[in-house]
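Undergrad: So that you have it, the file is coords_17.tsv, and it contains TSV, N, CA and C atoms:
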chain	number	residue	atom	x	y	z
A	1	MET	N	121.36	109.79	75.71
A	1	MET	CA	120.18	110.04	76.52
A	1	MET	C	120.63	110.48	77.92
A	2	THR	N	120.14	111.65	78.35
A	2	THR	CA	120.48	112.14	79.69
A	2	THR	C	119.72	111.32	80.73
A	3	ARG	N	120.11	111.48	81.99
A	3	ARG	CA	119.41	110.76	83.06
A	3	ARG	C	117.96	111.24	83.17
A	4	ARG	N	117.73	112.53	82.96
A	4	ARG	CA	116.34	113.01	82.99
A	4	ARG	C	115.54	112.38	81.86
A	5	GLU	N	116.10	112.32	80.67
A	5	GLU	CA	115.40	111.69	79.54
A	5	GLU	C	115.14	110.21	79.84
A	6	ALA	N	116.08	109.57	80.50
A	6	ALA	CA	115.90	108.16	80.88
A	6	ALA	C	114.76	108.03	81.89
A	7	ARG	N	114.70	108.95	82.84
A	7	ARG	CA	113.61	108.93	83.82
A	7	ARG	C	112.27	109.18	83.12
A	8	GLU	N	112.24	110.12	82.18
A	8	GLU	CA	111.00	110.39	81.43
A	8	GLU	C	110.58	109.14	80.67
A	9	SER	N	111.53	108.44	80.08
A	9	SER	CA	111.23	107.20	79.36
A	9	SER	C	110.69	106.14	80.32
A	10	ALA	N	111.29	106.03	81.49
A	10	ALA	CA	110.82	105.06	82.50
A	10	ALA	C	109.40	105.38	82.93
A	11	VAL	N	109.10	106.66	83.07
A	11	VAL	CA	107.74	107.08	83.44
A	11	VAL	C	106.76	106.69	82.32
A	12	GLU	N	107.13	106.93	81.08
A	12	GLU	CA	106.28	106.54	79.95
A	12	GLU	C	106.01	105.04	79.98
A	13	LEU	N	107.05	104.26	80.22
A	13	LEU	CA	106.92	102.81	80.21
A	13	LEU	C	106.06	102.31	81.37
A	14	ILE	N	106.26	102.86	82.56
A	14	ILE	CA	105.46	102.39	83.70
A	14	ILE	C	104.01	102.84	83.56
A	15	PHE	N	103.79	104.00	82.96
A	15	PHE	CA	102.44	104.48	82.67
A	15	PHE	C	101.75	103.49	81.73
A	16	GLU	N	102.46	103.12	80.68
A	16	GLU	CA	101.92	102.18	79.70
A	16	GLU	C	101.68	100.80	80.31
A	17	GLN	N	102.63	100.34	81.11
A	17	GLN	CA	102.52	99.01	81.73
A	17	GLN	C	101.31	98.92	82.64
A	18	ASP	N	100.95	100.03	83.27
A	18	ASP	CA	99.81	100.05	84.17
A	18	ASP	C	98.51	99.72	83.45
A	19	PHE	N	98.46	99.95	82.14
A	19	PHE	CA	97.27	99.64	81.35
A	19	PHE	C	97.36	98.27	80.69
A	20	LYS	N	98.56	97.67	80.71
A	20	LYS	CA	98.78	96.38	80.05
A	20	LYS	C	99.42	95.41	81.03
A	21	LYS	N	98.75	95.21	82.15
A	21	LYS	CA	99.31	94.39	83.23
A	21	LYS	C	99.59	92.95	82.82
A	22	ASP	N	98.89	92.45	81.79
A	22	ASP	CA	99.09	91.07	81.33
A	22	ASP	C	100.36	90.93	80.47
A	23	GLN	N	100.94	92.02	80.09
A	23	GLN	CA	102.14	92.04	79.26
A	23	GLN	C	103.37	92.13	80.15
A	24	ASN	N	104.43	91.37	79.84
A	24	ASN	CA	105.62	91.48	80.68
A	24	ASN	C	106.42	92.73	80.30
A	25	THR	N	107.34	93.12	81.16
A	25	THR	CA	108.06	94.38	80.98
A	25	THR	C	108.90	94.39	79.70
A	26	GLU	N	109.47	93.25	79.35
A	26	GLU	CA	110.27	93.20	78.11
A	26	GLU	C	109.41	93.46	76.89
A	27	GLU	N	108.21	92.91	76.88
A	27	GLU	CA	107.28	93.16	75.76
A	27	GLU	C	106.90	94.64	75.70
A	28	THR	N	106.68	95.24	76.86
A	28	THR	CA	106.34	96.66	76.89
A	28	THR	C	107.47	97.49	76.31
A	29	ILE	N	108.70	97.19	76.70
A	29	ILE	CA	109.87	97.92	76.18
A	29	ILE	C	109.97	97.73	74.66
A	30	GLU	N	109.86	96.49	74.20
A	30	GLU	CA	109.98	96.20	72.77
A	30	GLU	C	108.89	96.91	71.97
A	31	ASN	N	107.65	96.82	72.43
A	31	ASN	CA	106.53	97.46	71.72
A	31	ASN	C	106.68	98.97	71.70
A	32	ALA	N	107.05	99.54	72.84
A	32	ALA	CA	107.21	101.00	72.92
A	32	ALA	C	108.35	101.47	72.01
A	33	ALA	N	109.44	100.71	72.00
A	33	ALA	CA	110.60	101.08	71.16
A	33	ALA	C	110.20	101.06	69.68
A	34	GLU	N	109.42	100.06	69.31
A	34	GLU	CA	108.99	99.95	67.91
A	34	GLU	C	108.03	101.07	67.53
A	35	VAL	N	107.03	101.30	68.35
A	35	VAL	CA	106.01	102.31	68.05
A	35	VAL	C	106.62	103.71	68.06
A	36	ARG	N	107.46	103.99	69.04
A	36	ARG	CA	108.03	105.33	69.19
A	36	ARG	C	109.34	105.50	68.41
A	37	GLU	N	109.80	104.41	67.81
A	37	GLU	CA	111.10	104.43	67.10
A	37	GLU	C	112.16	105.04	68.00
A	38	LYS	N	112.28	104.44	69.18
A	38	LYS	CA	113.13	104.98	70.23
A	38	LYS	C	113.93	103.84	70.85
A	39	LYS	N	115.18	104.13	71.17
A	39	LYS	CA	116.02	103.16	71.87
A	39	LYS	C	116.09	103.59	73.33
A	40	TYR	N	115.79	102.66	74.23
A	40	TYR	CA	115.79	102.96	75.66
A	40	TYR	C	117.15	102.64	76.26
A	41	SER	N	117.64	103.55	77.10
A	41	SER	CA	118.94	103.35	77.75
A	41	SER	C	118.83	102.27	78.82
A	42	GLY	N	119.97	101.77	79.22
A	42	GLY	CA	120.01	100.80	80.30
A	42	GLY	C	119.42	101.35	81.59
A	43	PHE	N	119.69	102.63	81.87
A	43	PHE	CA	119.17	103.27	83.08
A	43	PHE	C	117.65	103.35	83.04
A	44	ALA	N	117.08	103.70	81.88
A	44	ALA	CA	115.62	103.78	81.74
A	44	ALA	C	114.99	102.40	81.95
A	45	LYS	N	115.58	101.38	81.33
A	45	LYS	CA	115.06	100.01	81.47
A	45	LYS	C	115.16	99.55	82.92
A	46	LYS	N	116.28	99.85	83.57
A	46	LYS	CA	116.48	99.44	84.96
A	46	LYS	C	115.43	100.09	85.86
A	47	LEU	N	115.24	101.40	85.72
A	47	LEU	CA	114.24	102.10	86.53
A	47	LEU	C	112.86	101.50	86.33
A	48	PHE	N	112.48	101.35	85.08
A	48	PHE	CA	111.15	100.82	84.76
A	48	PHE	C	110.96	99.40	85.29
A	49	CYS	N	111.86	98.51	84.94
A	49	CYS	CA	111.70	97.10	85.33
A	49	CYS	C	111.73	96.92	86.84
A	50	ASN	N	112.66	97.58	87.50
A	50	ASN	CA	112.76	97.43	88.96
A	50	ASN	C	111.58	98.08	89.68
A	51	ALA	N	111.16	99.25	89.21
A	51	ALA	CA	110.01	99.91	89.84
A	51	ALA	C	108.75	99.07	89.64
A	52	TRP	N	108.58	98.49	88.46
A	52	TRP	CA	107.40	97.66	88.23
A	52	TRP	C	107.46	96.40	89.10
A	53	GLU	N	108.62	95.79	89.18
A	53	GLU	CA	108.79	94.57	89.99
A	53	GLU	C	108.50	94.84	91.46
A	54	LYS	N	108.87	96.01	91.95
A	54	LYS	CA	108.71	96.35	93.36
A	54	LYS	C	107.49	97.24	93.62
A	55	ARG	N	106.57	97.30	92.66
A	55	ARG	CA	105.44	98.22	92.78
A	55	ARG	C	104.56	97.94	94.00
A	56	GLY	N	104.51	96.70	94.47
A	56	GLY	CA	103.74	96.41	95.68
A	56	GLY	C	104.28	97.20	96.87
A	57	GLU	N	105.58	97.11	97.09
A	57	GLU	CA	106.23	97.88	98.17
A	57	GLU	C	106.11	99.38	97.93
A	58	ILE	N	106.33	99.76	96.69
A	58	ILE	CA	106.30	101.18	96.32
A	58	ILE	C	104.90	101.75	96.52
A	59	ASP	N	103.88	101.04	96.04
A	59	ASP	CA	102.51	101.52	96.18
A	59	ASP	C	102.08	101.57	97.65
A	60	GLU	N	102.57	100.63	98.44
A	60	GLU	CA	102.28	100.65	99.88
A	60	GLU	C	102.88	101.91	100.51
A	61	MET	N	104.10	102.25	100.13
A	61	MET	CA	104.76	103.45	100.66
A	61	MET	C	104.02	104.71	100.19
A	62	ILE	N	103.60	104.73	98.94
A	62	ILE	CA	102.84	105.88	98.41
A	62	ILE	C	101.51	106.01	99.16
A	63	SER	N	100.83	104.90	99.38
A	63	SER	CA	99.55	104.92	100.10
A	63	SER	C	99.72	105.47	101.52
A	64	LYS	N	100.75	105.01	102.21
A	64	LYS	CA	101.00	105.49	103.58
A	64	LYS	C	101.29	106.99	103.59
A	65	ALA	N	102.10	107.43	102.65
A	65	ALA	CA	102.52	108.84	102.62
A	65	ALA	C	101.40	109.76	102.14
A	66	SER	N	100.47	109.25	101.37
A	66	SER	CA	99.41	110.11	100.84
A	66	SER	C	98.23	110.25	101.79
A	67	GLU	N	98.32	109.62	102.94
A	67	GLU	CA	97.37	109.72	104.05
A	67	GLU	C	95.91	109.73	103.63
A	68	LYS	N	95.36	110.87	103.29
A	68	LYS	CA	93.92	110.99	103.04
A	68	LYS	C	93.53	110.72	101.59
A	69	TRP	N	94.51	110.37	100.77
A	69	TRP	CA	94.24	110.11	99.36
A	69	TRP	C	94.37	108.62	99.09
A	70	ASP	N	93.34	108.05	98.51
A	70	ASP	CA	93.43	106.67	98.05
A	70	ASP	C	94.31	106.68	96.79
A	71	ILE	N	95.13	105.68	96.64
A	71	ILE	CA	96.07	105.65	95.50
A	71	ILE	C	95.33	105.71	94.15
A	72	ASP	N	94.09	105.21	94.12
A	72	ASP	CA	93.30	105.24	92.88
A	72	ASP	C	92.86	106.65	92.50
A	73	ARG	N	92.94	107.59	93.43
A	73	ARG	CA	92.55	108.98	93.15
A	73	ARG	C	93.71	109.80	92.58
A	74	ILE	N	94.93	109.28	92.66
A	74	ILE	CA	96.10	109.99	92.15
A	74	ILE	C	96.10	109.86	90.63
A	75	SER	N	96.34	110.96	89.93
A	75	SER	CA	96.35	110.90	88.46
A	75	SER	C	97.37	109.86	87.99
A	76	LYS	N	97.09	109.24	86.88
A	76	LYS	CA	97.97	108.18	86.35
A	76	LYS	C	99.38	108.72	86.08
A	77	THR	N	99.46	109.97	85.62
A	77	THR	CA	100.77	110.56	85.37
A	77	THR	C	101.51	110.77	86.67
A	78	ALA	N	100.85	111.35	87.66
A	78	ALA	CA	101.48	111.59	88.96
A	78	ALA	C	101.88	110.28	89.62
A	79	LEU	N	101.06	109.24	89.46
A	79	LEU	CA	101.38	107.94	90.04
A	79	LEU	C	102.61	107.33	89.36
A	80	ALA	N	102.68	107.41	88.04
A	80	ALA	CA	103.83	106.86	87.32
A	80	ALA	C	105.12	107.58	87.74
A	81	VAL	N	105.07	108.90	87.81
A	81	VAL	CA	106.24	109.68	88.23
A	81	VAL	C	106.60	109.33	89.67
A	82	SER	N	105.60	109.23	90.53
A	82	SER	CA	105.84	108.92	91.94
A	82	SER	C	106.43	107.53	92.12
A	83	ARG	N	106.00	106.58	91.32
A	83	ARG	CA	106.55	105.22	91.41
A	83	ARG	C	108.04	105.21	91.07
A	84	ILE	N	108.41	105.89	90.00
A	84	ILE	CA	109.83	105.92	89.62
A	84	ILE	C	110.65	106.62	90.70
A	85	ALA	N	110.18	107.77	91.16
A	85	ALA	CA	110.92	108.52	92.19
A	85	ALA	C	110.98	107.74	93.50
A	86	THR	N	109.89	107.10	93.88
A	86	THR	CA	109.88	106.31	95.12
A	86	THR	C	110.83	105.14	95.01
A	87	TYR	N	110.87	104.51	93.84
A	87	TYR	CA	111.85	103.44	93.63
A	87	TYR	C	113.27	103.97	93.89
A	88	GLU	N	113.59	105.11	93.29
A	88	GLU	CA	114.92	105.69	93.48
A	88	GLU	C	115.20	105.98	94.96
A	89	ILE	N	114.23	106.59	95.62
A	89	ILE	CA	114.41	106.97	97.04
A	89	ILE	C	114.61	105.73	97.90
A	90	MET	N	113.84	104.69	97.65
A	90	MET	CA	113.89	103.50	98.49
A	90	MET	C	115.05	102.56	98.18
A	91	PHE	N	115.44	102.47	96.90
A	91	PHE	CA	116.35	101.40	96.51
A	91	PHE	C	117.65	101.84	95.84
A	92	GLU	N	117.75	103.08	95.41
A	92	GLU	CA	118.96	103.55	94.74
A	92	GLU	C	119.73	104.47	95.69
A	93	GLU	N	120.55	103.89	96.54
A	93	GLU	CA	121.26	104.66	97.56
A	93	GLU	C	122.25	105.66	96.98
A	94	SER	N	122.70	105.43	95.76
A	94	SER	CA	123.67	106.34	95.13
A	94	SER	C	123.02	107.64	94.63
A	95	ILE	N	121.70	107.68	94.61
A	95	ILE	CA	120.98	108.87	94.14
A	95	ILE	C	120.37	109.57	95.35
A	96	PRO	N	120.79	110.80	95.64
A	96	PRO	CA	120.20	111.51	96.78
A	96	PRO	C	118.70	111.71	96.59
A	97	SER	N	117.96	111.61	97.68
A	97	SER	CA	116.49	111.79	97.63
A	97	SER	C	116.12	113.12	97.02
A	98	SER	N	116.88	114.15	97.36
A	98	SER	CA	116.57	115.49	96.84
A	98	SER	C	116.64	115.53	95.31
A	99	VAL	N	117.56	114.78	94.73
A	99	VAL	CA	117.68	114.71	93.27
A	99	VAL	C	116.47	113.99	92.69
A	100	SER	N	116.09	112.87	93.30
A	100	SER	CA	114.92	112.12	92.81
A	100	SER	C	113.66	112.97	92.87
A	101	ILE	N	113.49	113.72	93.96
A	101	ILE	CA	112.30	114.56	94.11
A	101	ILE	C	112.30	115.68	93.07
A	102	ASN	N	113.42	116.37	92.94
A	102	ASN	CA	113.51	117.46	91.97
A	102	ASN	C	113.25	116.96	90.55
A	103	GLU	N	113.86	115.85	90.19
A	103	GLU	CA	113.67	115.28	88.86
A	103	GLU	C	112.19	114.93	88.64
A	104	ALA	N	111.56	114.35	89.65
A	104	ALA	CA	110.14	113.97	89.54
A	104	ALA	C	109.27	115.20	89.26
A	105	LEU	N	109.54	116.28	89.98
A	105	LEU	CA	108.73	117.49	89.80
A	105	LEU	C	108.93	118.08	88.41
A	106	GLU	N	110.15	118.07	87.93
A	106	GLU	CA	110.42	118.58	86.58
A	106	GLU	C	109.77	117.70	85.51
A	107	ILE	N	109.77	116.39	85.74
A	107	ILE	CA	109.14	115.47	84.79
A	107	ILE	C	107.62	115.67	84.78
A	108	LEU	N	107.04	115.87	85.95
A	108	LEU	CA	105.60	116.16	86.01
A	108	LEU	C	105.27	117.40	85.18
A	109	LYS	N	106.08	118.43	85.32
A	109	LYS	CA	105.87	119.65	84.54
A	109	LYS	C	106.03	119.36	83.05
A	110	HIS	N	107.03	118.55	82.70
A	110	HIS	CA	107.26	118.18	81.30
A	110	HIS	C	106.02	117.52	80.69
A	111	PHE	N	105.36	116.66	81.47
A	111	PHE	CA	104.17	115.98	80.99
A	111	PHE	C	102.90	116.80	81.18
A	112	GLY	N	103.03	118.03	81.68
A	112	GLY	CA	101.91	118.95	81.76
A	112	GLY	C	100.99	118.76	82.95
A	113	ASP	N	101.42	118.00	83.95
A	113	ASP	CA	100.58	117.75	85.12
A	113	ASP	C	100.95	118.74	86.23
A	114	PHE	N	100.73	120.03	85.96
A	114	PHE	CA	101.12	121.09	86.88
A	114	PHE	C	100.33	121.04	88.19
A	115	GLU	N	99.08	120.57	88.12
A	115	GLU	CA	98.23	120.53	89.32
A	115	GLU	C	98.75	119.54	90.36
A	116	SER	N	99.49	118.53	89.94
A	116	SER	CA	99.97	117.50	90.87
A	116	SER	C	101.32	117.81	91.49
A	117	VAL	N	101.99	118.86	91.04
A	117	VAL	CA	103.36	119.13	91.47
A	117	VAL	C	103.46	119.29	92.99
A	118	SER	N	102.62	120.11	93.60
A	118	SER	CA	102.74	120.32	95.04
A	118	SER	C	102.36	119.05	95.81
A	119	PHE	N	101.35	118.32	95.34
A	119	PHE	CA	100.97	117.06	95.99
A	119	PHE	C	102.13	116.07	95.95
A	120	VAL	N	102.72	115.88	94.78
A	120	VAL	CA	103.81	114.92	94.62
A	120	VAL	C	105.04	115.37	95.41
A	121	ASN	N	105.30	116.65	95.46
A	121	ASN	CA	106.41	117.17	96.25
A	121	ASN	C	106.25	116.77	97.72
A	122	GLY	N	105.06	117.00	98.27
A	122	GLY	CA	104.80	116.62	99.66
A	122	GLY	C	104.86	115.12	99.88
A	123	LEU	N	104.29	114.38	98.95
A	123	LEU	CA	104.28	112.92	99.01
A	123	LEU	C	105.70	112.36	99.04
A	124	LEU	N	106.51	112.79	98.08
A	124	LEU	CA	107.88	112.29	97.99
A	124	LEU	C	108.73	112.75	99.17
A	125	GLY	N	108.46	113.96	99.68
A	125	GLY	CA	109.15	114.43	100.87
A	125	GLY	C	108.91	113.52	102.06
A	126	LYS	N	107.65	113.10	102.24
A	126	LYS	CA	107.30	112.18	103.34
A	126	LYS	C	107.97	110.82	103.13
A	127	ILE	N	107.96	110.34	101.90
A	127	ILE	CA	108.58	109.05	101.60
A	127	ILE	C	110.07	109.10	101.90
A	128	ALA	N	110.72	110.18	101.48
A	128	ALA	CA	112.15	110.33	101.74
A	128	ALA	C	112.43	110.38	103.24
A	129	GLU	N	111.61	111.13	103.95
A	129	GLU	CA	111.78	111.24	105.41
A	129	GLU	C	111.59	109.88	106.07
A	130	ASN	N	110.56	109.14	105.69
A	130	ASN	CA	110.30	107.82	106.26
A	130	ASN	C	111.41	106.83	105.91
A	131	THR	N	111.91	106.91	104.69
A	131	THR	CA	112.97	106.00	104.26
A	131	THR	C	114.26	106.30	105.02
A	132	GLU	N	114.57	107.59	105.20
A	132	GLU	CA	115.78	107.97	105.95
A	132	GLU	C	115.67	107.56	107.41
A	133	LYS	N	114.49	107.69	108.00
A	133	LYS	CA	114.28	107.28	109.40
A	133	LYS	C	114.49	105.78	109.52
A	134	ASN	N	113.92	105.01	108.59
A	134	ASN	CA	114.05	103.56	108.64
A	134	ASN	C	115.49	103.11	108.50
A	135	SER	N	116.24	103.75	107.60
A	135	SER	CA	117.63	103.33	107.41
A	135	SER	C	118.52	103.77	108.58
A	136	SER	N	118.19	104.87	109.25
A	136	SER	CA	119.01	105.29	110.38
A	136	SER	C	118.71	104.46	111.63
A	137	GLU	N	117.53	103.83	111.69
A	137	GLU	CA	117.18	102.97	112.81
A	137	GLU	C	117.83	101.60	112.73
A	138	GLU	N	118.26	101.21	111.53
A	138	GLU	CA	118.83	99.87	111.34
A	138	GLU	C	120.27	99.80	111.77
Represent the structure from my file as structure tokens, please.

TA:
Amino acid sequence: MTRREARESAVELIFEQDFKKDQNTEETIENAAEVREKKYSGFAKKLFCNAWEKRGEIDEMISKASEKWDIDRISKTALAVSRIATYEIMFEESIPSSVSINEALEILKHFGDFESVSFVNGLLGKIAENTEKNSSEE
């Protein structure tokens, strides 16, 4: 499984988890693996579990960066992709922000959400800029 495929899998899992909030992440992974007859890589599981665990911080950052958009107005696909990318930007220092943003845009296209590409690009650009400013101030 390539890193892009792992990111796509993490997006699928976080999308699904958003509808099954009463289910823990391990159950979501197990159920998805069984239904899709798919084995998830360690990287996919890490992205999904960590992004879900930190979704409060992540959603706060998305809300701040989206300015005039309430987070509930963002399409579920764009939100799932943005959560994974924002997790990478905020917490995975070994992954350059530009890589996370580019991967997110390609994944959005893969899932057919072409209308959200420019919005998510701007959103993630602001998040990356804010994250870089915060880390350079410390």

Undergrad: For Thr77 of chain A, which of A:Arg55, A:Lys46, A:Lys109, A:Lys64 is the closest residue, counting only C-alpha atoms?

TA: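 Looking only at the distances to Thr77 of chain A, the closest residue turns out to be A:Lys109.
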
Undergrad: Applying 6.5 Å and only N, CA and C atoms, which residues near segment 5-16 of chain A remain after dropping the ones on its own chain fewer than 5 positions away? List them as number ranges by chain.

TA: A: 41, 43-45, 47-48, 76, 80-81, 107

Undergrad: Can you pull out the residues contacting Ala51 of chain A? Cut-off 6.5 Å, using all atoms listed in the file, and skip same-chain residues under 5 positions away; I want them as a PDB file with N, CA and C atoms, keeping the file's coordinate frame.

TA:
ATOM      1  N   LYS A  46     116.280  99.850  83.570  1.00  0.00           N
ATOM      2  CA  LYS A  46     116.480  99.440  84.960  1.00  0.00           C
ATOM      3  C   LYS A  46     115.430 100.090  85.860  1.00  0.00           C
ATOM      4  N   ARG A  83     106.000 106.580  91.320  1.00  0.00           N
ATOM      5  CA  ARG A  83     106.550 105.220  91.410  1.00  0.00           C
ATOM      6  C   ARG A  83     108.040 105.210  91.070  1.00  0.00           C
ATOM      7  N   ILE A  84     108.410 105.890  90.000  1.00  0.00           N
ATOM      8  CA  ILE A  84     109.830 105.920  89.620  1.00  0.00           C
ATOM      9  C   ILE A  84     110.650 106.620  90.700  1.00  0.00           C
ATOM     10  N   TYR A  87     110.870 104.510  93.840  1.00  0.00           N
ATOM     11  CA  TYR A  87     111.850 103.440  93.630  1.00  0.00           C
ATOM     12  C   TYR A  87     113.270 103.970  93.890  1.00  0.00           C
TER      13      TYR A  87
END

Undergrad: Within 12 Å of Val99 of chain A, counting only C-alpha atoms, which residues qualify if same-chain residues fewer than 5 places away don't, as a PyMOL selection string?

TA: chain A and resi 3-4+7+85-86+88-89+92-94+104-106+121+124-125+128

Undergrad: Which one of A:Ala78, A:Met90, A:Val120, A:Ala33 sits closest to Glu132 of chain A if you count all atoms listed in the file?

TA: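 Between A:Ala78, A:Met90, A:Val120, A:Ala33, the residue approaching Glu132 of chain A most closely is A:Met90.
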
Undergrad: Quick one: distance from atom CA of Phe111 of chain A to atom CA of Ser66 of chain A in Å, one decimal?

TA: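 Computing the Euclidean distance for atom CA of Phe111 of chain A and atom CA of Ser66 of chain A yields 21.2 Å.
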
Undergrad: Can you work out the spacing between atom C of Asp59 of chain A and atom N of Glu103 of chain A in Å, to one decimal?

TA: 20.0 Å

Undergrad: Would you compute the distance between atom CA of Glu37 of chain A and atom N of Ser116 of chain A? Give it in Å to one decimal.

TA: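 Here the two named atoms are 29.2 Å from each other.
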
Undergrad: Give me the box for segment 25-44 of chain A as AutoDock Vina command-line options, namely the centre and edge lengths in Å to one decimal of a box along x, y and z that holds every listed atom plus 3 Å on each side.

TA:
--center_x 113.0 --center_y 99.2 --center_z 75.1 --size_x 20.0 --size_y 18.6 --size_z 22.0

Undergrad: Between A:Ser75, A:Met1, A:His110, A:Asp22, which one has atoms that come closest to Lys39 of chain A, using only C-alpha atoms?

TA: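 Looking only at the distances to Lys39 of chain A, the closest residue turns out to be A:Met1.
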
Undergrad: Considering only C-alpha atoms, can you say which of A:Thr131, A:Ala65, A:Ile95, A:Thr2 comes closest to Tyr40 of chain A?

TA: A:Thr2
